[in-house]
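Shown next: structure28.pdb, containing PDB, C-alpha atoms, pLDDT in the B column.
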```
ATOM      1  CA  MET A   1       0.000   0.000   0.000  1.00 51.00           C
ATOM      2  CA  PHE A   2       1.216   3.455  -0.897  1.00 48.00           C
ATOM      3  CA  ASN A   3       2.547   5.250   2.160  1.00 60.00           C
ATOM      4  CA  PRO A   4       3.679   8.865   1.597  1.00 64.00           C
ATOM      5  CA  ASN A   5       5.066   9.075   5.144  1.00 61.00           C
ATOM      6  CA  SER A   6       7.420   6.161   4.433  1.00 66.00           C
ATOM      7  CA  ILE A   7       8.637   7.776   1.221  1.00 66.00           C
ATOM      8  CA  SER A   8       9.190  11.073   3.028  1.00 71.00           C
ATOM      9  CA  ALA A   9      11.153   9.327   5.793  1.00 67.00           C
ATOM     10  CA  ASN A  10      13.324   7.454   3.277  1.00 66.00           C
ATOM     11  CA  ALA A  11      14.032  10.655   1.344  1.00 70.00           C
ATOM     12  CA  LYS A  12      14.924  12.468   4.566  1.00 76.00           C
ATOM     13  CA  THR A  13      17.303   9.665   5.550  1.00 76.00           C
ATOM     14  CA  PHE A  14      18.897   9.648   2.101  1.00 73.00           C
ATOM     15  CA  PHE A  15      19.583  13.392   2.009  1.00 78.00           C
ATOM     16  CA  SER A  16      20.771  13.338   5.609  1.00 83.00           C
ATOM     17  CA  GLU A  17      23.292  10.656   4.703  1.00 81.00           C
ATOM     18  CA  ILE A  18      24.425  12.647   1.673  1.00 84.00           C
ATOM     19  CA  GLY A  19      25.046  15.618   3.970  1.00 87.00           C
ATOM     20  CA  ASP A  20      26.985  13.487   6.454  1.00 87.00           C
ATOM     21  CA  MET A  21      29.083  12.059   3.640  1.00 89.00           C
ATOM     22  CA  THR A  22      29.836  15.578   2.393  1.00 90.00           C
ATOM     23  CA  LEU A  23      31.035  16.571   5.876  1.00 92.00           C
ATOM     24  CA  PHE A  24      33.107  13.381   5.958  1.00 91.00           C
ATOM     25  CA  ALA A  25      34.733  14.371   2.646  1.00 92.00           C
ATOM     26  CA  GLY A  26      35.384  17.869   3.990  1.00 92.00           C
ATOM     27  CA  ARG A  27      37.151  16.399   7.007  1.00 90.00           C
ATOM     28  CA  PHE A  28      39.284  14.297   4.660  1.00 93.00           C
ATOM     29  CA  PHE A  29      40.446  17.371   2.739  1.00 93.00           C
ATOM     30  CA  ARG A  30      41.305  19.113   6.022  1.00 91.00           C
ATOM     31  CA  GLU A  31      43.282  16.143   7.336  1.00 90.00           C
ATOM     32  CA  VAL A  32      45.090  15.075   4.165  1.00 89.00           C
ATOM     33  CA  PHE A  33      47.498  18.026   4.142  1.00 88.00           C
ATOM     34  CA  LYS A  34      48.198  18.073   7.882  1.00 86.00           C
ATOM     35  CA  PRO A  35      51.295  16.368   9.305  1.00 83.00           C
ATOM     36  CA  PRO A  36      52.148  13.753  10.375  1.00 81.00           C
ATOM     37  CA  PHE A  37      51.859  11.857   7.107  1.00 83.00           C
ATOM     38  CA  GLU A  38      51.363   8.103   7.363  1.00 86.00           C
ATOM     39  CA  PHE A  39      53.556   7.099   4.397  1.00 90.00           C
ATOM     40  CA  LYS A  40      54.148   3.515   5.535  1.00 92.00           C
ATOM     41  CA  GLU A  41      50.435   2.856   5.923  1.00 91.00           C
ATOM     42  CA  LEU A  42      49.769   4.549   2.575  1.00 93.00           C
ATOM     43  CA  ILE A  43      52.281   2.280   0.821  1.00 94.00           C
ATOM     44  CA  ARG A  44      50.744  -0.766   2.492  1.00 93.00           C
ATOM     45  CA  GLN A  45      47.259   0.222   1.384  1.00 93.00           C
ATOM     46  CA  CYS A  46      48.467   0.894  -2.164  1.00 93.00           C
ATOM     47  CA  TYR A  47      49.910  -2.617  -2.232  1.00 92.00           C
ATOM     48  CA  ASN A  48      46.734  -4.176  -0.848  1.00 89.00           C
ATOM     49  CA  MET A  49      44.449  -2.331  -3.242  1.00 90.00           C
ATOM     50  CA  GLY A  50      46.672  -2.227  -6.311  1.00 88.00           C
ATOM     51  CA  ASN A  51      48.887  -5.276  -6.477  1.00 88.00           C
ATOM     52  CA  ARG A  52      46.297  -7.652  -5.072  1.00 86.00           C
ATOM     53  CA  SER A  53      43.703  -6.465  -7.607  1.00 89.00           C
ATOM     54  CA  LEU A  54      45.901  -7.030 -10.661  1.00 92.00           C
ATOM     55  CA  LEU A  55      44.734 -10.591 -11.356  1.00 93.00           C
ATOM     56  CA  LEU A  56      41.042  -9.729 -11.047  1.00 92.00           C
ATOM     57  CA  VAL A  57      41.384  -6.630 -13.229  1.00 94.00           C
ATOM     58  CA  GLY A  58      43.548  -8.461 -15.765  1.00 93.00           C
ATOM     59  CA  VAL A  59      41.126 -11.357 -16.173  1.00 94.00           C
ATOM     60  CA  THR A  60      38.148  -8.988 -16.374  1.00 93.00           C
ATOM     61  CA  GLY A  61      39.836  -6.791 -18.977  1.00 93.00           C
ATOM     62  CA  PHE A  62      40.977  -9.741 -21.086  1.00 95.00           C
ATOM     63  CA  ILE A  63      37.509 -11.308 -21.184  1.00 94.00           C
ATOM     64  CA  LEU A  64      35.988  -7.890 -21.899  1.00 93.00           C
ATOM     65  CA  GLY A  65      38.190  -7.486 -24.986  1.00 93.00           C
ATOM     66  CA  LEU A  66      37.434 -11.007 -26.192  1.00 93.00           C
ATOM     67  CA  VAL A  67      33.664 -10.764 -25.770  1.00 93.00           C
ATOM     68  CA  PHE A  68      33.340  -7.235 -27.138  1.00 91.00           C
ATOM     69  CA  THR A  69      35.242  -8.160 -30.292  1.00 91.00           C
ATOM     70  CA  LEU A  70      33.401 -11.442 -30.818  1.00 91.00           C
ATOM     71  CA  GLN A  71      30.028  -9.731 -30.444  1.00 90.00           C
ATOM     72  CA  SER A  72      30.917  -6.820 -32.716  1.00 88.00           C
ATOM     73  CA  ARG A  73      32.552  -8.710 -35.599  1.00 87.00           C
ATOM     74  CA  PRO A  74      29.356 -10.137 -37.191  1.00 86.00           C
ATOM     75  CA  THR A  75      27.680  -6.724 -37.365  1.00 86.00           C
ATOM     76  CA  LEU A  76      30.738  -5.001 -38.840  1.00 84.00           C
ATOM     77  CA  ILE A  77      31.199  -7.808 -41.373  1.00 83.00           C
ATOM     78  CA  GLN A  78      27.551  -7.477 -42.393  1.00 84.00           C
ATOM     79  CA  PHE A  79      28.169  -3.825 -43.294  1.00 83.00           C
ATOM     80  CA  GLY A  80      31.623  -4.483 -44.778  1.00 80.00           C
ATOM     81  CA  ALA A  81      33.293  -2.438 -42.071  1.00 78.00           C
ATOM     82  CA  GLN A  82      35.428  -5.065 -40.339  1.00 80.00           C
ATOM     83  CA  SER A  83      38.507  -2.925 -40.990  1.00 82.00           C
ATOM     84  CA  TRP A  84      37.106  -0.448 -38.462  1.00 87.00           C
ATOM     85  CA  MET A  85      37.229  -3.015 -35.662  1.00 88.00           C
ATOM     86  CA  PRO A  86      40.477  -1.746 -34.017  1.00 88.00           C
ATOM     87  CA  ASP A  87      39.222   1.852 -34.107  1.00 90.00           C
ATOM     88  CA  MET A  88      35.834   1.016 -32.605  1.00 90.00           C
ATOM     89  CA  VAL A  89      37.153  -1.296 -29.914  1.00 91.00           C
ATOM     90  CA  SER A  90      39.975   0.991 -28.801  1.00 92.00           C
ATOM     91  CA  ILE A  91      37.840   4.134 -28.575  1.00 91.00           C
ATOM     92  CA  SER A  92      34.959   2.335 -26.837  1.00 91.00           C
ATOM     93  CA  ILE A  93      37.142   0.617 -24.262  1.00 93.00           C
ATOM     94  CA  VAL A  94      39.457   3.549 -23.494  1.00 92.00           C
ATOM     95  CA  ARG A  95      36.722   6.169 -23.339  1.00 90.00           C
ATOM     96  CA  GLU A  96      33.946   4.414 -21.498  1.00 89.00           C
ATOM     97  CA  ILE A  97      33.726   0.654 -21.127  1.00 91.00           C
ATOM     98  CA  GLY A  98      37.124   0.013 -19.551  1.00 92.00           C
ATOM     99  CA  PRO A  99      37.031   2.716 -16.840  1.00 93.00           C
ATOM    100  CA  VAL A 100      33.433   2.018 -15.803  1.00 94.00           C
ATOM    101  CA  ILE A 101      33.621  -1.789 -15.745  1.00 93.00           C
ATOM    102  CA  ILE A 102      36.948  -1.875 -13.903  1.00 94.00           C
ATOM    103  CA  ALA A 103      35.754   0.783 -11.432  1.00 94.00           C
ATOM    104  CA  LEU A 104      32.676  -1.338 -10.695  1.00 93.00           C
ATOM    105  CA  ILE A 105      34.858  -4.407 -10.205  1.00 93.00           C
ATOM    106  CA  CYS A 106      37.108  -2.464  -7.829  1.00 92.00           C
ATOM    107  CA  ALA A 107      34.063  -1.101  -6.004  1.00 92.00           C
ATOM    108  CA  GLY A 108      33.019  -4.673  -5.312  1.00 90.00           C
ATOM    109  CA  ARG A 109      36.447  -5.801  -4.181  1.00 90.00           C
ATOM    110  CA  ILE A 110      38.003  -2.706  -2.595  1.00 92.00           C
ATOM    111  CA  GLY A 111      34.941  -0.774  -1.442  1.00 90.00           C
ATOM    112  CA  SER A 112      33.350  -3.733   0.312  1.00 90.00           C
ATOM    113  CA  GLY A 113      36.699  -4.674   1.858  1.00 90.00           C
ATOM    114  CA  ILE A 114      37.211  -1.191   3.286  1.00 92.00           C
ATOM    115  CA  GLY A 115      33.661  -1.085   4.646  1.00 90.00           C
ATOM    116  CA  ALA A 116      33.983  -4.489   6.302  1.00 90.00           C
ATOM    117  CA  GLU A 117      37.463  -3.805   7.715  1.00 91.00           C
ATOM    118  CA  LEU A 118      36.687  -0.406   9.242  1.00 91.00           C
ATOM    119  CA  GLY A 119      33.253  -1.607  10.332  1.00 90.00           C
ATOM    120  CA  SER A 120      34.727  -4.506  12.271  1.00 90.00           C
ATOM    121  CA  MET A 121      37.261  -2.144  13.850  1.00 89.00           C
ATOM    122  CA  ARG A 122      34.439   0.196  14.883  1.00 88.00           C
ATOM    123  CA  VAL A 123      32.209  -2.461  16.465  1.00 88.00           C
ATOM    124  CA  THR A 124      35.142  -4.065  18.291  1.00 87.00           C
ATOM    125  CA  GLU A 125      36.089  -0.599  19.639  1.00 85.00           C
ATOM    126  CA  GLN A 126      39.548  -0.615  18.073  1.00 88.00           C
ATOM    127  CA  ILE A 127      38.950   2.870  16.662  1.00 87.00           C
ATOM    128  CA  ASP A 128      37.857   4.105  20.090  1.00 85.00           C
ATOM    129  CA  ALA A 129      41.037   2.627  21.576  1.00 88.00           C
ATOM    130  CA  MET A 130      43.140   4.518  19.034  1.00 85.00           C
ATOM    131  CA  GLU A 131      41.442   7.773  20.010  1.00 82.00           C
ATOM    132  CA  VAL A 132      42.048   7.121  23.705  1.00 84.00           C
ATOM    133  CA  SER A 133      45.737   6.361  23.083  1.00 83.00           C
ATOM    134  CA  GLY A 134      46.212   9.718  21.361  1.00 77.00           C
ATOM    135  CA  THR A 135      46.372   8.406  17.786  1.00 79.00           C
ATOM    136  CA  ASN A 136      44.313  10.098  15.096  1.00 84.00           C
ATOM    137  CA  PRO A 137      42.334   7.151  13.643  1.00 87.00           C
ATOM    138  CA  PHE A 138      40.846   9.254  10.862  1.00 90.00           C
ATOM    139  CA  LYS A 139      44.316  10.178   9.626  1.00 91.00           C
ATOM    140  CA  TYR A 140      45.679   6.647   9.911  1.00 89.00           C
ATOM    141  CA  LEU A 141      42.671   4.648   8.687  1.00 91.00           C
ATOM    142  CA  VAL A 142      40.603   6.900   6.439  1.00 93.00           C
ATOM    143  CA  VAL A 143      43.013   9.323   4.764  1.00 93.00           C
ATOM    144  CA  THR A 144      45.493   6.612   3.754  1.00 94.00           C
ATOM    145  CA  ARG A 145      42.777   4.426   2.228  1.00 95.00           C
ATOM    146  CA  ILE A 146      41.121   7.200   0.241  1.00 95.00           C
ATOM    147  CA  VAL A 147      44.465   8.436  -1.112  1.00 95.00           C
ATOM    148  CA  ALA A 148      45.451   4.853  -1.996  1.00 95.00           C
ATOM    149  CA  THR A 149      42.267   4.186  -3.972  1.00 95.00           C
ATOM    150  CA  THR A 150      42.583   7.547  -5.732  1.00 95.00           C
ATOM    151  CA  LEU A 151      46.143   6.727  -6.835  1.00 95.00           C
ATOM    152  CA  MET A 152      45.700   3.040  -7.661  1.00 94.00           C
ATOM    153  CA  LEU A 153      42.491   3.002  -9.682  1.00 95.00           C
ATOM    154  CA  PRO A 154      43.895   4.941 -12.687  1.00 95.00           C
ATOM    155  CA  LEU A 155      46.808   2.483 -12.863  1.00 94.00           C
ATOM    156  CA  LEU A 156      44.432  -0.478 -12.694  1.00 95.00           C
ATOM    157  CA  VAL A 157      42.256   1.026 -15.437  1.00 95.00           C
ATOM    158  CA  ILE A 158      45.263   1.607 -17.712  1.00 94.00           C
ATOM    159  CA  MET A 159      46.372  -1.993 -17.224  1.00 94.00           C
ATOM    160  CA  GLY A 160      42.824  -3.265 -17.783  1.00 94.00           C
ATOM    161  CA  ASP A 161      42.496  -1.256 -21.012  1.00 94.00           C
ATOM    162  CA  ALA A 162      45.796  -2.639 -22.291  1.00 94.00           C
ATOM    163  CA  VAL A 163      44.803  -6.225 -21.526  1.00 95.00           C
ATOM    164  CA  SER A 164      41.387  -5.659 -23.152  1.00 95.00           C
ATOM    165  CA  LEU A 165      43.025  -4.454 -26.359  1.00 94.00           C
ATOM    166  CA  LEU A 166      45.336  -7.468 -26.269  1.00 94.00           C
ATOM    167  CA  GLY A 167      42.332  -9.785 -26.012  1.00 93.00           C
ATOM    168  CA  SER A 168      40.688  -8.009 -28.928  1.00 93.00           C
ATOM    169  CA  ALA A 169      43.890  -8.295 -30.980  1.00 93.00           C
ATOM    170  CA  ILE A 170      44.023 -12.047 -30.343  1.00 93.00           C
ATOM    171  CA  ILE A 171      40.477 -12.491 -31.684  1.00 91.00           C
ATOM    172  CA  GLU A 172      41.218 -10.372 -34.739  1.00 90.00           C
ATOM    173  CA  ASN A 173      44.400 -12.341 -35.374  1.00 89.00           C
ATOM    174  CA  MET A 174      42.538 -15.656 -35.125  1.00 89.00           C
ATOM    175  CA  LYS A 175      39.306 -14.703 -36.923  1.00 84.00           C
ATOM    176  CA  GLY A 176      40.417 -12.022 -39.362  1.00 80.00           C
ATOM    177  CA  ASP A 177      44.073 -12.946 -39.928  1.00 82.00           C
ATOM    178  CA  VAL A 178      45.149  -9.450 -38.824  1.00 84.00           C
ATOM    179  CA  SER A 179      48.723  -9.140 -37.572  1.00 88.00           C
ATOM    180  CA  TYR A 180      49.334  -7.734 -34.109  1.00 89.00           C
ATOM    181  CA  MET A 181      51.524  -4.987 -35.549  1.00 92.00           C
ATOM    182  CA  LEU A 182      48.786  -3.826 -37.918  1.00 91.00           C
ATOM    183  CA  TYR A 183      46.117  -4.044 -35.227  1.00 90.00           C
ATOM    184  CA  PHE A 184      47.975  -1.908 -32.674  1.00 92.00           C
ATOM    185  CA  ASN A 185      49.090   0.570 -35.335  1.00 92.00           C
ATOM    186  CA  LYS A 186      45.416   1.162 -36.127  1.00 91.00           C
ATOM    187  CA  VAL A 187      44.594   1.358 -32.413  1.00 92.00           C
ATOM    188  CA  PHE A 188      47.183   4.060 -31.724  1.00 90.00           C
ATOM    189  CA  SER A 189      46.237   5.999 -34.834  1.00 90.00           C
ATOM    190  CA  ALA A 190      42.569   5.988 -33.781  1.00 89.00           C
ATOM    191  CA  LEU A 191      43.173   7.228 -30.230  1.00 88.00           C
ATOM    192  CA  SER A 192      43.763  10.904 -29.502  1.00 86.00           C
ATOM    193  CA  PHE A 193      44.335  13.057 -26.433  1.00 86.00           C
ATOM    194  CA  SER A 194      40.617  13.863 -26.290  1.00 82.00           C
ATOM    195  CA  ASP A 195      40.015  10.145 -25.721  1.00 85.00           C
ATOM    196  CA  ILE A 196      42.766   9.429 -23.213  1.00 89.00           C
ATOM    197  CA  ILE A 197      42.937  12.544 -21.004  1.00 90.00           C
ATOM    198  CA  PRO A 198      39.251  12.786 -19.936  1.00 89.00           C
ATOM    199  CA  ALA A 199      39.059   9.019 -19.428  1.00 91.00           C
ATOM    200  CA  THR A 200      42.154   9.102 -17.209  1.00 92.00           C
ATOM    201  CA  ILE A 201      41.039  12.129 -15.205  1.00 93.00           C
ATOM    202  CA  LYS A 202      37.676  10.629 -14.325  1.00 94.00           C
ATOM    203  CA  THR A 203      39.322   7.467 -12.984  1.00 95.00           C
ATOM    204  CA  TYR A 204      40.821   9.580 -10.185  1.00 96.00           C
ATOM    205  CA  PHE A 205      37.300  10.641  -9.212  1.00 95.00           C
ATOM    206  CA  PHE A 206      36.180   6.997  -9.446  1.00 96.00           C
ATOM    207  CA  GLY A 207      38.960   5.975  -7.069  1.00 95.00           C
ATOM    208  CA  PHE A 208      38.147   8.814  -4.671  1.00 96.00           C
ATOM    209  CA  ALA A 209      34.476   7.816  -4.643  1.00 95.00           C
ATOM    210  CA  ILE A 210      35.292   4.164  -3.918  1.00 95.00           C
ATOM    211  CA  GLY A 211      37.551   5.065  -1.009  1.00 94.00           C
ATOM    212  CA  LEU A 212      35.261   7.775   0.373  1.00 94.00           C
ATOM    213  CA  VAL A 213      32.076   5.699   0.461  1.00 94.00           C
ATOM    214  CA  GLY A 214      33.817   2.583   1.767  1.00 92.00           C
ATOM    215  CA  CYS A 215      35.520   4.523   4.568  1.00 93.00           C
ATOM    216  CA  TYR A 216      32.376   6.470   5.442  1.00 93.00           C
ATOM    217  CA  LYS A 217      30.249   3.344   5.744  1.00 91.00           C
ATOM    218  CA  GLY A 218      32.846   1.438   7.746  1.00 90.00           C
ATOM    219  CA  TYR A 219      33.927   4.323   9.988  1.00 90.00           C
ATOM    220  CA  ASN A 220      30.324   5.079  10.983  1.00 88.00           C
ATOM    221  CA  CYS A 221      29.266   1.456  11.356  1.00 85.00           C
ATOM    222  CA  SER A 222      26.955   0.453  14.216  1.00 80.00           C
ATOM    223  CA  ASN A 223      24.655  -2.386  15.363  1.00 75.00           C
ATOM    224  CA  GLY A 224      27.397  -4.919  15.960  1.00 75.00           C
ATOM    225  CA  THR A 225      28.339  -7.651  13.517  1.00 76.00           C
ATOM    226  CA  VAL A 226      25.105  -7.171  11.557  1.00 81.00           C
ATOM    227  CA  GLY A 227      26.162  -3.584  10.913  1.00 81.00           C
ATOM    228  CA  VAL A 228      29.472  -4.776   9.453  1.00 86.00           C
ATOM    229  CA  GLY A 229      27.627  -6.709   6.753  1.00 85.00           C
ATOM    230  CA  ASP A 230      25.307  -3.772   6.122  1.00 85.00           C
ATOM    231  CA  ALA A 231      28.289  -1.411   5.842  1.00 86.00           C
ATOM    232  CA  SER A 232      30.029  -3.679   3.332  1.00 87.00           C
ATOM    233  CA  ASN A 233      26.888  -4.156   1.243  1.00 88.00           C
ATOM    234  CA  SER A 234      25.783  -0.521   1.267  1.00 87.00           C
ATOM    235  CA  ALA A 235      29.317   0.615   0.394  1.00 88.00           C
ATOM    236  CA  VAL A 236      29.119  -1.316  -2.885  1.00 90.00           C
ATOM    237  CA  VAL A 237      25.584  -0.117  -3.683  1.00 89.00           C
ATOM    238  CA  TYR A 238      26.255   3.558  -2.949  1.00 89.00           C
ATOM    239  CA  THR A 239      29.598   3.477  -4.767  1.00 92.00           C
ATOM    240  CA  SER A 240      28.068   1.910  -7.883  1.00 92.00           C
ATOM    241  CA  MET A 241      25.407   4.624  -8.033  1.00 91.00           C
ATOM    242  CA  LEU A 242      28.004   7.336  -7.472  1.00 92.00           C
ATOM    243  CA  LEU A 243      30.246   5.947 -10.217  1.00 93.00           C
ATOM    244  CA  PHE A 244      27.479   6.245 -12.805  1.00 94.00           C
ATOM    245  CA  ILE A 245      26.700   9.792 -11.680  1.00 93.00           C
ATOM    246  CA  ILE A 246      30.376  10.791 -11.919  1.00 94.00           C
ATOM    247  CA  ASP A 247      30.634   9.135 -15.322  1.00 93.00           C
ATOM    248  CA  PHE A 248      27.626  11.074 -16.624  1.00 93.00           C
ATOM    249  CA  ILE A 249      29.098  14.359 -15.376  1.00 92.00           C
ATOM    250  CA  ALA A 250      32.488  13.490 -16.910  1.00 91.00           C
ATOM    251  CA  VAL A 251      30.941  12.690 -20.303  1.00 89.00           C
ATOM    252  CA  PHE A 252      28.875  15.886 -20.197  1.00 90.00           C
ATOM    253  CA  VAL A 253      31.912  18.045 -19.365  1.00 88.00           C
ATOM    254  CA  THR A 254      34.070  16.258 -21.948  1.00 84.00           C
ATOM    255  CA  ASP A 255      31.474  16.971 -24.625  1.00 82.00           C
ATOM    256  CA  ILE A 256      31.727  20.694 -23.778  1.00 81.00           C
ATOM    257  CA  PHE A 257      35.517  21.061 -23.666  1.00 77.00           C
ATOM    258  CA  PHE A 258      36.614  18.432 -26.187  1.00 69.00           C
ATOM    259  CA  ASP A 259      35.554  17.852 -29.751  1.00 60.00           C
ATOM    260  CA  VAL A 260      34.349  14.248 -29.392  1.00 51.00           C
TER
END
```

Starting from the file, give its structure as C-alpha cells.
Amino acid sequence: MFNPNSISANAKTFFSEIGDMTLFAGRFFREVFKPPFEFKELIRQCYNMGNRSLLLVGVTGFILGLVFTLQSRPTLIQFGAQSWMPDMVSISIVREIGPVIIALICAGRIGSGIGAELGSMRVTEQIDAMEVSGTNPFKYLVVTRIVATTLMLPLLVIMGDAVSLLGSAIIENMKGDVSYMLYFNKVFSALSFSDIIPATIKTYFFGFAIGLVGCYKGYNCSNGTVGVGDASNSAVVYTSMLLFIIDFIAVFVTDIFFDV
C-alpha cells in the first residue's frame, strides 16, 4: 500500500546521509594536508588495493576485450566495415567501457573490503582505543585508504584497457588474420588526447568515490556484527550509483571542452 510518510522518511534519511558524507569528505580534505603523514600505511594500502587487484582486473579486462570483439565482428562484417574493428574497440574501451567496468569491479572488491574492515574495527572498539591512546584514527585509517584508492584506480584502469586491447587483438588475429603490428598501429592511430585525457582524469574521481564511500560506511558502522555486513553491502551499492553519476558528469563536461 502506498505510504507517503514512508517515502518522506526514506528521502529524509537519504539526504541526511548525503550531507553526512559531504562533511566526511570535507574532514578528509582538512586532514590530508596536515602532518604527520602516514607514508608507511599509505604504501601498504596501495599494495593491498593495487597489487592484489591485478589478477582480477587483468582477467576482467581480457575477457571484456574477447567478448566485445566477438560480439561486434558479425555486425561489422555485415556492413563491410570489419577494418574499423580496431578503431571502434579501442575508442569504446578507453573512453567508457574500460574505466566504468573496472571501477565497478574495484568497487566490489576494494569498497566492500574497506567497509567491512573499518566496520569490524568500529564495532570491536579498536577505533575508540586509538582515540584514547592519542592516535588520530581518521588520519591513519581513512586518509590513507582514500588516497590509496585515488592513486591506484587509474593504474588499474590503464592496465585493464591494455589487456582488453590485447584480447581483442588475439580475436582479430585468429578470426580475421590481422597481424598484431597492424592491429595496434590502427589502435594508436585511432586514439587521440581527447580520448585518453578525460578518461584518465575521471578514474581519479572513481577511485576517490570508492575510497570515500567505503571509509564512510565502515567508519560510521553500528549495530554490531550485523552492521558490518550492512556497511560492506551498502558501500558497494552507494559506490556503484556514485560511479554512474560521476561518469555522466564526466561525459557531459568532456562533450563541452573536447571535440568528441

Inset, instruction - For CA of Ile201 (chain A) and CA of Glu17 (chain A), determine how far apart the two atoms are, in Å to one decimal place. - result: 26.7 Å

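Counting only C-alpha atoms and comparing A:Asn48, A:Ala129, A:Ala169, A:Ile196, the residue that lies closest to Arg109 (chain A) is A:Asn48.
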
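Residues selected in this file by the PyMOL selection byres ((chain A and resi 222-228) around 8) comprise Gly115, Ala116, Gly119, Ser120, Arg122, Val123, Gly218, Asn220, Cys221, Gly229, Asp230, Ala231 and Ser232 of chain A.
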
Inset, instruction - Enumerate, as a list in words, the residues matched when the PyMOL selection byres ((chain A and resi 95) around 8) is run on the file above. - result: Ile91, Ser92, Ile93, Val94, Glu96, Ile97, Gly98, Pro99, Asp195, Ile196, Pro198 and Ala199 of chain A

Inset, instruction - I need the residue set behind the PyMOL selection byres ((chain A and resi 52-68) around 6) for this file; please write it as a VMD selection string. - result: chain A and resid 48 to 51 69 to 71 160 163 to 165 167 to 168

Can I get the selection written as a PDB file, in the frame of the given file, with C-alpha atoms?
```pdb
ATOM      1  CA  ASN A  48      46.734  -4.176  -0.848  1.00 89.00           C
ATOM      2  CA  MET A  49      44.449  -2.331  -3.242  1.00 90.00           C
ATOM      3  CA  GLY A  50      46.672  -2.227  -6.311  1.00 88.00           C
ATOM      4  CA  ASN A  51      48.887  -5.276  -6.477  1.00 88.00           C
ATOM      5  CA  THR A  69      35.242  -8.160 -30.292  1.00 91.00           C
ATOM      6  CA  LEU A  70      33.401 -11.442 -30.818  1.00 91.00           C
ATOM      7  CA  GLN A  71      30.028  -9.731 -30.444  1.00 90.00           C
ATOM      8  CA  GLY A 160      42.824  -3.265 -17.783  1.00 94.00           C
ATOM      9  CA  VAL A 163      44.803  -6.225 -21.526  1.00 95.00           C
ATOM     10  CA  SER A 164      41.387  -5.659 -23.152  1.00 95.00           C
ATOM     11  CA  LEU A 165      43.025  -4.454 -26.359  1.00 94.00           C
ATOM     12  CA  GLY A 167      42.332  -9.785 -26.012  1.00 93.00           C
ATOM     13  CA  SER A 168      40.688  -8.009 -28.928  1.00 93.00           C
TER      14      SER A 168
END
```

Centre and size of axis-aligned box enclosing region 68-72 of chain A plus 8 Å each side, as lines of an AutoDock Vina configuration file:
```
center_x = 32.6
center_y = -9.1
center_z = -29.9
size_x = 21.2
size_y = 20.6
size_z = 21.6
```

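Candidate residues A:Lys139, A:Lys34, A:Lys12, A:Arg145 were compared for distance to Gly113 (chain A), and the nearest is A:Arg145, using only C-alpha atoms.
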